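Below is model_19.txt, which holds compact mmCIF, C-alpha atoms.
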```
# COMPACT_ATOMS: atom_id res chain seq x y z
CA MET X 27 -36.31 -38.67 -5.37
CA ASN X 28 -38.95 -39.46 -7.96
CA HIS X 29 -42.39 -41.02 -8.03
CA ILE X 30 -43.62 -43.94 -10.07
CA LYS X 31 -45.15 -41.83 -12.82
CA PRO X 32 -47.26 -44.53 -14.52
CA ALA X 33 -49.14 -45.11 -11.26
CA MET X 34 -49.62 -41.41 -10.49
CA ALA X 35 -50.90 -40.74 -14.00
CA ARG X 36 -54.13 -42.48 -13.02
CA PHE X 37 -55.06 -39.72 -10.58
CA PRO X 38 -56.04 -36.06 -11.20
CA ASN X 39 -53.20 -33.63 -10.61
CA TYR X 40 -55.14 -31.91 -7.84
CA VAL X 41 -56.06 -34.94 -5.76
CA CYS X 42 -53.91 -37.79 -4.51
CA ALA X 43 -55.66 -40.21 -2.20
CA VAL X 44 -54.93 -43.67 -0.86
CA ALA X 45 -57.68 -45.74 0.69
CA MET X 46 -57.89 -48.87 2.74
CA LEU X 47 -60.64 -51.11 3.99
CA LEU X 48 -60.25 -52.67 7.39
CA LEU X 49 -61.74 -56.11 7.19
CA LEU X 50 -61.73 -58.06 10.40
CA THR X 51 -62.48 -61.66 9.61
CA ALA X 52 -62.02 -64.92 11.42
CA GLY X 53 -62.24 -68.39 9.97
CA PRO X 54 -63.59 -71.49 11.69
CA SER X 55 -62.12 -72.08 15.11
CA ALA X 56 -59.76 -75.01 15.42
CA HIS X 57 -61.18 -78.15 16.95
CA ALA X 58 -58.63 -80.38 18.65
CA GLN X 59 -59.10 -83.70 20.40
CA SER X 60 -56.56 -85.75 22.31
CA GLN X 61 -56.77 -89.49 21.99
CA THR X 62 -54.81 -92.07 23.96
CA GLY X 63 -55.90 -95.15 22.05
CA SER X 64 -57.20 -96.34 18.71
CA VAL X 65 -60.82 -95.65 17.77
CA SER X 66 -62.98 -98.13 15.93
CA PRO X 67 -64.86 -97.02 12.79
CA SER X 68 -68.20 -97.30 14.62
CA SER X 69 -66.92 -95.10 17.49
CA ALA X 70 -65.60 -92.56 15.01
CA ARG X 71 -68.99 -92.38 13.28
CA GLN X 72 -70.67 -91.92 16.67
CA GLN X 73 -68.30 -89.07 17.55
CA GLN X 74 -69.01 -87.37 14.22
CA THR X 75 -72.74 -87.69 14.87
CA ASN X 76 -72.43 -86.10 18.30
CA GLU X 77 -70.27 -83.20 17.13
CA PRO X 78 -72.12 -79.91 16.64
CA PRO X 79 -72.46 -78.60 13.08
CA GLN X 80 -69.38 -76.81 11.83
CA SER X 81 -71.33 -73.58 11.50
CA GLN X 82 -71.71 -73.47 15.30
CA ASN X 83 -67.91 -73.32 15.67
CA ARG X 84 -67.48 -70.27 13.45
CA ILE X 85 -66.86 -66.76 14.66
CA ARG X 86 -67.70 -63.93 12.31
CA THR X 87 -66.95 -60.27 12.84
CA SER X 88 -66.91 -57.20 10.65
CA SER X 89 -65.82 -53.59 10.73
CA THR X 90 -67.61 -50.51 9.49
CA VAL X 91 -64.46 -48.38 9.61
CA VAL X 92 -62.90 -47.32 6.32
CA LEU X 93 -59.83 -45.07 6.52
CA VAL X 94 -59.29 -42.82 3.52
CA PRO X 95 -56.21 -40.60 3.88
CA ALA X 96 -56.43 -37.79 1.34
CA LEU X 97 -53.94 -35.15 0.25
CA VAL X 98 -55.63 -32.41 -1.78
CA LYS X 99 -53.64 -29.88 -3.79
CA THR X 100 -54.49 -27.05 -6.12
CA LYS X 101 -53.42 -27.15 -9.76
CA SER X 102 -50.39 -25.05 -8.79
CA GLY X 103 -49.30 -27.70 -6.26
CA GLU X 104 -50.30 -25.96 -3.02
CA THR X 105 -51.80 -28.13 -0.29
CA VAL X 106 -55.38 -27.32 0.72
CA PHE X 107 -56.00 -27.39 4.49
CA SER X 108 -59.45 -25.78 4.74
CA LEU X 109 -61.61 -28.70 3.56
CA THR X 110 -64.26 -30.36 5.70
CA ALA X 111 -66.03 -33.71 5.50
CA ASP X 112 -68.80 -32.06 3.47
CA ASP X 113 -66.28 -31.39 0.68
CA PHE X 114 -65.78 -35.11 0.04
CA ILE X 115 -68.01 -37.85 -1.35
CA LEU X 116 -67.13 -41.48 -0.63
CA THR X 117 -69.18 -44.31 -2.14
CA ASP X 118 -69.22 -48.04 -1.51
CA ASN X 119 -70.57 -49.86 -4.57
CA GLY X 120 -72.16 -46.59 -5.60
CA VAL X 121 -73.78 -45.91 -2.22
CA PRO X 122 -72.66 -42.64 -0.51
CA GLN X 123 -71.18 -43.18 2.97
CA THR X 124 -71.20 -41.01 6.08
CA LEU X 125 -67.83 -39.33 6.59
CA HIS X 126 -65.97 -38.05 9.63
CA LEU X 127 -62.82 -35.98 9.16
CA GLU X 128 -59.87 -36.85 11.42
CA THR X 129 -57.85 -33.66 11.91
CA ASP X 130 -55.11 -34.88 14.26
CA MET X 131 -53.49 -37.72 12.30
CA ASP X 132 -49.97 -36.22 12.45
CA SER X 133 -49.73 -36.93 16.19
CA GLN X 134 -49.97 -40.71 15.74
CA PRO X 135 -46.85 -42.92 15.74
CA LEU X 136 -45.26 -43.49 12.34
CA ALA X 137 -43.63 -46.55 10.79
CA LEU X 138 -41.47 -45.55 7.82
CA VAL X 139 -39.66 -47.77 5.32
CA VAL X 140 -36.98 -45.96 3.30
CA ILE X 141 -36.53 -47.81 -0.01
CA VAL X 142 -33.33 -46.87 -1.86
CA GLU X 143 -32.32 -48.00 -5.33
CA THR X 144 -28.71 -49.20 -5.33
CA GLY X 145 -28.78 -50.69 -8.84
CA GLY X 146 -29.35 -49.27 -12.30
CA GLN X 147 -29.23 -45.49 -12.44
CA GLY X 148 -29.67 -45.32 -8.68
CA ALA X 149 -26.11 -46.50 -8.06
CA ALA X 150 -24.74 -43.22 -9.45
CA HIS X 151 -26.66 -41.22 -6.82
CA LEU X 152 -25.83 -43.13 -3.64
CA ARG X 153 -23.37 -40.49 -2.44
CA ASP X 154 -26.15 -37.91 -2.74
CA TYR X 155 -27.85 -39.55 0.23
CA ASP X 156 -25.10 -38.93 2.79
CA ASN X 157 -26.18 -37.33 6.07
CA LEU X 158 -29.93 -37.75 5.63
CA GLY X 159 -30.63 -37.72 9.37
CA ALA X 160 -32.08 -34.21 9.39
CA GLU X 161 -34.22 -34.90 6.34
CA LEU X 162 -35.61 -38.09 7.88
CA ASP X 163 -36.43 -36.22 11.09
CA ALA X 164 -38.31 -33.63 9.01
CA VAL X 165 -40.32 -36.35 7.25
CA ILE X 166 -41.13 -38.17 10.50
CA GLY X 167 -41.89 -35.18 12.71
CA ASP X 168 -41.96 -35.16 16.49
CA VAL X 169 -43.79 -38.46 17.02
CA ARG X 170 -42.92 -41.97 18.15
CA HIS X 171 -41.51 -43.76 15.15
CA LEU X 172 -39.91 -46.84 13.65
CA VAL X 173 -37.65 -46.66 10.58
CA ALA X 174 -36.43 -49.48 8.35
CA VAL X 175 -34.17 -49.30 5.28
CA VAL X 176 -34.59 -51.46 2.19
CA SER X 177 -32.09 -51.45 -0.70
CA PHE X 178 -32.81 -52.91 -4.10
CA ASP X 179 -31.40 -53.56 -7.55
CA SER X 180 -32.81 -56.61 -9.35
CA LYS X 181 -34.18 -57.75 -5.97
CA PRO X 182 -34.97 -56.06 -2.64
CA ARG X 183 -33.28 -56.78 0.69
CA ILE X 184 -33.36 -55.45 4.25
CA ALA X 185 -30.42 -53.15 4.98
CA GLN X 186 -31.72 -52.02 8.40
CA ASP X 187 -34.58 -53.57 10.34
CA PHE X 188 -37.02 -51.33 12.19
CA THR X 189 -35.37 -49.04 14.72
CA ASP X 190 -36.37 -45.90 16.57
CA ASP X 191 -32.87 -44.48 15.95
CA THR X 192 -33.18 -42.19 12.91
CA ASP X 193 -29.43 -41.56 12.84
CA ALA X 194 -28.76 -45.31 12.62
CA ALA X 195 -31.09 -45.52 9.62
CA ALA X 196 -29.33 -42.55 8.02
CA ARG X 197 -25.92 -44.19 8.53
CA THR X 198 -27.23 -47.36 6.90
CA ILE X 199 -28.28 -45.37 3.83
CA THR X 200 -24.86 -43.67 3.72
CA ASN X 201 -23.07 -47.05 3.70
CA LEU X 202 -25.15 -48.72 0.97
CA ASN X 203 -23.08 -50.33 -1.81
CA ASP X 204 -23.62 -50.34 -5.56
CA GLY X 205 -25.89 -53.10 -6.85
CA ASP X 206 -26.40 -54.71 -10.23
CA GLN X 207 -28.13 -53.15 -13.24
CA GLY X 208 -31.63 -54.11 -12.14
CA ALA X 209 -34.32 -51.67 -11.05
CA ALA X 210 -37.15 -53.82 -9.63
CA ILE X 211 -39.07 -50.88 -8.19
CA LEU X 212 -42.44 -52.61 -7.78
CA ASP X 213 -40.85 -55.66 -6.14
CA ALA X 214 -39.08 -53.34 -3.68
CA LEU X 215 -42.29 -51.45 -2.95
CA ASP X 216 -44.17 -54.70 -2.31
CA PHE X 217 -41.28 -55.91 -0.11
CA GLY X 218 -41.37 -52.72 1.97
CA ILE X 219 -45.14 -52.81 2.37
CA ASN X 220 -44.95 -56.40 3.60
CA LEU X 221 -42.55 -55.22 6.30
CA LEU X 222 -45.10 -52.60 7.33
CA ARG X 223 -47.81 -55.25 7.71
CA ASP X 224 -46.08 -56.48 10.87
CA VAL X 225 -45.93 -53.15 12.74
CA PRO X 226 -48.54 -52.49 15.46
CA PRO X 227 -51.83 -51.16 14.05
CA ARG X 228 -51.56 -47.90 16.03
CA TYR X 229 -48.72 -46.81 13.72
CA ARG X 230 -49.34 -44.89 10.53
CA ARG X 231 -47.50 -46.49 7.60
CA ALA X 232 -45.38 -44.70 5.05
CA VAL X 233 -42.76 -45.42 2.39
CA LEU X 234 -40.03 -43.03 1.29
CA LEU X 235 -39.11 -44.27 -2.19
CA ILE X 236 -35.79 -43.06 -3.63
CA THR X 237 -35.56 -44.41 -7.15
CA GLU X 238 -35.48 -43.78 -10.86
CA THR X 239 -38.83 -43.73 -12.66
CA ALA X 240 -38.51 -46.77 -14.95
CA ASP X 241 -39.07 -50.23 -13.50
CA ARG X 242 -36.91 -53.04 -14.86
CA GLY X 243 -37.25 -56.64 -13.80
CA SER X 244 -40.10 -56.64 -11.27
CA GLU X 245 -42.28 -59.71 -10.93
CA THR X 246 -44.90 -57.67 -9.03
CA SER X 247 -47.48 -56.07 -11.31
CA LEU X 248 -48.49 -52.44 -11.02
CA ASP X 249 -52.04 -53.44 -10.06
CA ASP X 250 -50.76 -55.73 -7.28
CA ALA X 251 -48.52 -52.96 -5.95
CA VAL X 252 -51.38 -50.45 -5.93
CA HIS X 253 -53.62 -52.93 -4.12
CA ALA X 254 -50.92 -53.57 -1.51
CA VAL X 255 -50.59 -49.83 -0.91
CA SER X 256 -54.32 -49.36 -0.41
CA ASP X 257 -54.82 -52.55 1.62
CA THR X 258 -52.25 -51.44 4.20
CA ASN X 259 -53.16 -47.73 4.22
CA THR X 260 -49.60 -46.81 3.23
CA ALA X 261 -48.61 -43.32 2.13
CA ILE X 262 -45.76 -43.01 -0.38
```

File written out as structure tokens:
Amino acid sequence: MNHIKPAMARFPNYVCAVAMLLLLTAGPSAHAQSQTGSVSPSSARQQQTNEPPQSQNRIRTSSTVVLVPALVKTKSGETVFSLTADDFILTDNGVPQTLHLETDMDSQPLALVVIVETGGQGAAHLRDYDNLGAELDAVIGDVRHLVAVVSFDSKPRIAQDFTDDTDAAARTITNLNDGDQGAAILDALDFGINLLRDVPPRYRRAVLLITETADRGSETSLDDAVHAVSDTNTAI
């Protein structure tokens, strides 16, 4: 199991953080009218005159909540658990923001997408992933969960839709077949994150990415993949 090294090289080796901004927006409300007969041009103009300005039909809302999951490690790779909100600085367009540290995130439900490379160099390692049930349970922890499995070579595909049965997901991984010589890692990551967009918002989102380190054949750019990760608050 490897990481996408070009993406991780952008971050210091002692801090790995993924951020998201929750933007709650609503466009203009739909305006529908039922008509049983034809309307003359003069009547239509009269109706348009009587209609309220479009701006009166708009609903706008916003959110001041920004979730910033952060995993802080020392240079030797040990996780630091003793930090408080005062140890972090978060700015929005250069303006420092007030922070509140959530200490009980691990108790929230988890939606996990396991993305497994079946093509390229990944095909030679498929038998290494037999009997992953215990490992998946360790990753998920003792919380309500949903697990999906995505396989990919030159293109990604769903091997197992979301289920709360970890053993079923593990069996799906065990039975994956060899793919072609492609290794579209970023396309697979984007595919998995799009699946996570549909899970209920109370679930934390995570991706377990089992792949080689070199992408071959993706149409998704690295910048687009990074934006998708941060927009959905997904841990990898």

**Item:** Nearby residues (only C-alpha atoms) at most 12 Å from range 236-242 of chain X, same-chain spacing under 6 positions excluded, as JSON, numbers by chain
**Value:** {"X": [27, 28, 29, 30, 31, 32, 33, 34, 139, 140, 141, 142, 143, 144, 145, 146, 147, 148, 149, 150, 151, 152, 154, 155, 175, 176, 177, 178, 179, 180, 181, 199, 206, 207, 208, 209, 210, 211, 212, 213, 214, 215, 248, 262]}

**Counting only C-alpha atoms, the option among X:Leu116, X:Val173, X:Ala164, X:Val252 closest to Ala137 in chain X** = X:Val173

**Request:** May I ask for the distance between CA of Ile85 in chain X and CA of Pro122 in chain X, given in Å to one decimal place?
**Result:**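 Taking CA of Ile85 in chain X and CA of Pro122 in chain X, their separation equals 29.1 Å.
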
**Prompt:** Contacts of Arg230 in chain X at 12 Å or less, counting all atoms listed in the file, minus same-chain residues fewer than 6 places along, as a ChimeraX atom specification?
**Reply:** /X:93,95,131-139,166,169-173,222-223,258-262

**Asked** Between CA of Arg231 in chain X and CA of Thr189 in chain X, what is the spacing in Å?
**Response**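 Distance reported for this atom pair: 14.3 Å.
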
**Proximity to Asp193 in chain X - best of X:Pro226, X:Gly205, X:Gly167, X:Gly159, all atoms listed in the file** =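 Using all atoms listed in the file, the shortest distance to Asp193 in chain X belongs to X:Gly159.
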
Taking all atoms of range 191-196 of chain X that the file lists, what box with edges along x, y and z, padded by 5 Å per side, do you get, with centre and edge lengths in Å to one decimal, as AutoDock Vina command-line options?
```
--center_x -31.0 --center_y -43.5 --center_z 12.0 --size_x 14.4 --size_y 14.0 --size_z 17.9
```

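CA of Ala111 in chain X sits 9.0 Å away from CA of Thr124 in chain X.
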
**Request:** Would you kindly return, as number ranges by chain, each protein, DNA or RNA residue with an atom no farther than 10 Å from any atom of range 105-110 of chain X, considering all atoms listed in the file and excluding same-chain residues fewer than 3 positions away?
**Result:** X: 40-41, 97-102, 113-114, 125-129

Write range 243-260 of chain X as an mmCIF file, in the coordinates of the input, completed to N, CA, C and O atoms.
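This went into out-v1.cif:
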```
data_model
loop_
_atom_site.group_PDB
_atom_site.id
_atom_site.type_symbol
_atom_site.label_atom_id
_atom_site.label_comp_id
_atom_site.auth_asym_id
_atom_site.auth_seq_id
_atom_site.Cartn_x
_atom_site.Cartn_y
_atom_site.Cartn_z
ATOM 1 N N GLY X 243 -37.480 -55.337 -14.402
ATOM 2 C CA GLY X 243 -37.250 -56.640 -13.800
ATOM 3 C C GLY X 243 -38.179 -57.049 -12.685
ATOM 4 O O GLY X 243 -38.000 -58.123 -12.106
ATOM 5 N N SER X 244 -39.202 -56.257 -12.359
ATOM 6 C CA SER X 244 -40.100 -56.640 -11.270
ATOM 7 C C SER X 244 -41.021 -57.773 -11.678
ATOM 8 O O SER X 244 -41.516 -57.823 -12.805
ATOM 9 N N GLU X 245 -41.276 -58.672 -10.743
ATOM 10 C CA GLU X 245 -42.280 -59.710 -10.930
ATOM 11 C C GLU X 245 -43.650 -59.234 -10.426
ATOM 12 O O GLU X 245 -44.683 -59.766 -10.822
ATOM 13 N N THR X 246 -43.661 -58.240 -9.544
ATOM 14 C CA THR X 246 -44.900 -57.670 -9.030
ATOM 15 C C THR X 246 -45.520 -56.763 -10.084
ATOM 16 O O THR X 246 -44.833 -55.921 -10.656
ATOM 17 N N SER X 247 -46.813 -56.921 -10.334
ATOM 18 C CA SER X 247 -47.480 -56.070 -11.310
ATOM 19 C C SER X 247 -47.843 -54.735 -10.675
ATOM 20 O O SER X 247 -47.919 -54.607 -9.452
ATOM 21 N N LEU X 248 -48.092 -53.750 -11.524
ATOM 22 C CA LEU X 248 -48.490 -52.440 -11.020
ATOM 23 C C LEU X 248 -49.795 -52.525 -10.250
ATOM 24 O O LEU X 248 -49.942 -51.918 -9.182
ATOM 25 N N ASP X 249 -50.766 -53.299 -10.757
ATOM 26 C CA ASP X 249 -52.040 -53.440 -10.060
ATOM 27 C C ASP X 249 -51.856 -54.059 -8.685
ATOM 28 O O ASP X 249 -52.467 -53.619 -7.705
ATOM 29 N N ASP X 250 -51.002 -55.091 -8.586
ATOM 30 C CA ASP X 250 -50.760 -55.730 -7.280
ATOM 31 C C ASP X 250 -50.104 -54.749 -6.317
ATOM 32 O O ASP X 250 -50.425 -54.739 -5.119
ATOM 33 N N ALA X 251 -49.183 -53.941 -6.813
ATOM 34 C CA ALA X 251 -48.520 -52.960 -5.950
ATOM 35 C C ALA X 251 -49.504 -51.917 -5.444
ATOM 36 O O ALA X 251 -49.488 -51.548 -4.265
ATOM 37 N N VAL X 252 -50.379 -51.441 -6.333
ATOM 38 C CA VAL X 252 -51.380 -50.450 -5.930
ATOM 39 C C VAL X 252 -52.329 -51.031 -4.904
ATOM 40 O O VAL X 252 -52.689 -50.377 -3.912
ATOM 41 N N HIS X 253 -52.742 -52.286 -5.095
ATOM 42 C CA HIS X 253 -53.620 -52.930 -4.120
ATOM 43 C C HIS X 253 -52.926 -53.079 -2.774
ATOM 44 O O HIS X 253 -53.549 -52.869 -1.730
ATOM 45 N N ALA X 254 -51.651 -53.425 -2.775
ATOM 46 C CA ALA X 254 -50.920 -53.570 -1.510
ATOM 47 C C ALA X 254 -50.843 -52.244 -0.774
ATOM 48 O O ALA X 254 -50.966 -52.187 0.446
ATOM 49 N N VAL X 255 -50.643 -51.164 -1.524
ATOM 50 C CA VAL X 255 -50.590 -49.830 -0.910
ATOM 51 C C VAL X 255 -51.910 -49.506 -0.251
ATOM 52 O O VAL X 255 -51.968 -49.058 0.899
ATOM 53 N N SER X 256 -53.013 -49.740 -0.956
ATOM 54 C CA SER X 256 -54.320 -49.360 -0.410
ATOM 55 C C SER X 256 -54.738 -50.300 0.715
ATOM 56 O O SER X 256 -55.320 -49.866 1.703
ATOM 57 N N ASP X 257 -54.422 -51.591 0.602
ATOM 58 C CA ASP X 257 -54.820 -52.550 1.620
ATOM 59 C C ASP X 257 -54.159 -52.268 2.969
ATOM 60 O O ASP X 257 -54.724 -52.598 4.022
ATOM 61 N N THR X 258 -52.979 -51.697 2.951
ATOM 62 C CA THR X 258 -52.250 -51.440 4.200
ATOM 63 C C THR X 258 -52.307 -49.972 4.624
ATOM 64 O O THR X 258 -51.677 -49.597 5.605
ATOM 65 N N ASN X 259 -53.042 -49.145 3.869
ATOM 66 C CA ASN X 259 -53.160 -47.730 4.220
ATOM 67 C C ASN X 259 -51.778 -47.073 4.283
ATOM 68 O O ASN X 259 -51.433 -46.389 5.240
ATOM 69 N N THR X 260 -50.980 -47.310 3.264
ATOM 70 C CA THR X 260 -49.600 -46.810 3.230
ATOM 71 C C THR X 260 -49.497 -45.567 2.362
ATOM 72 O O THR X 260 -49.943 -45.559 1.218
#
```
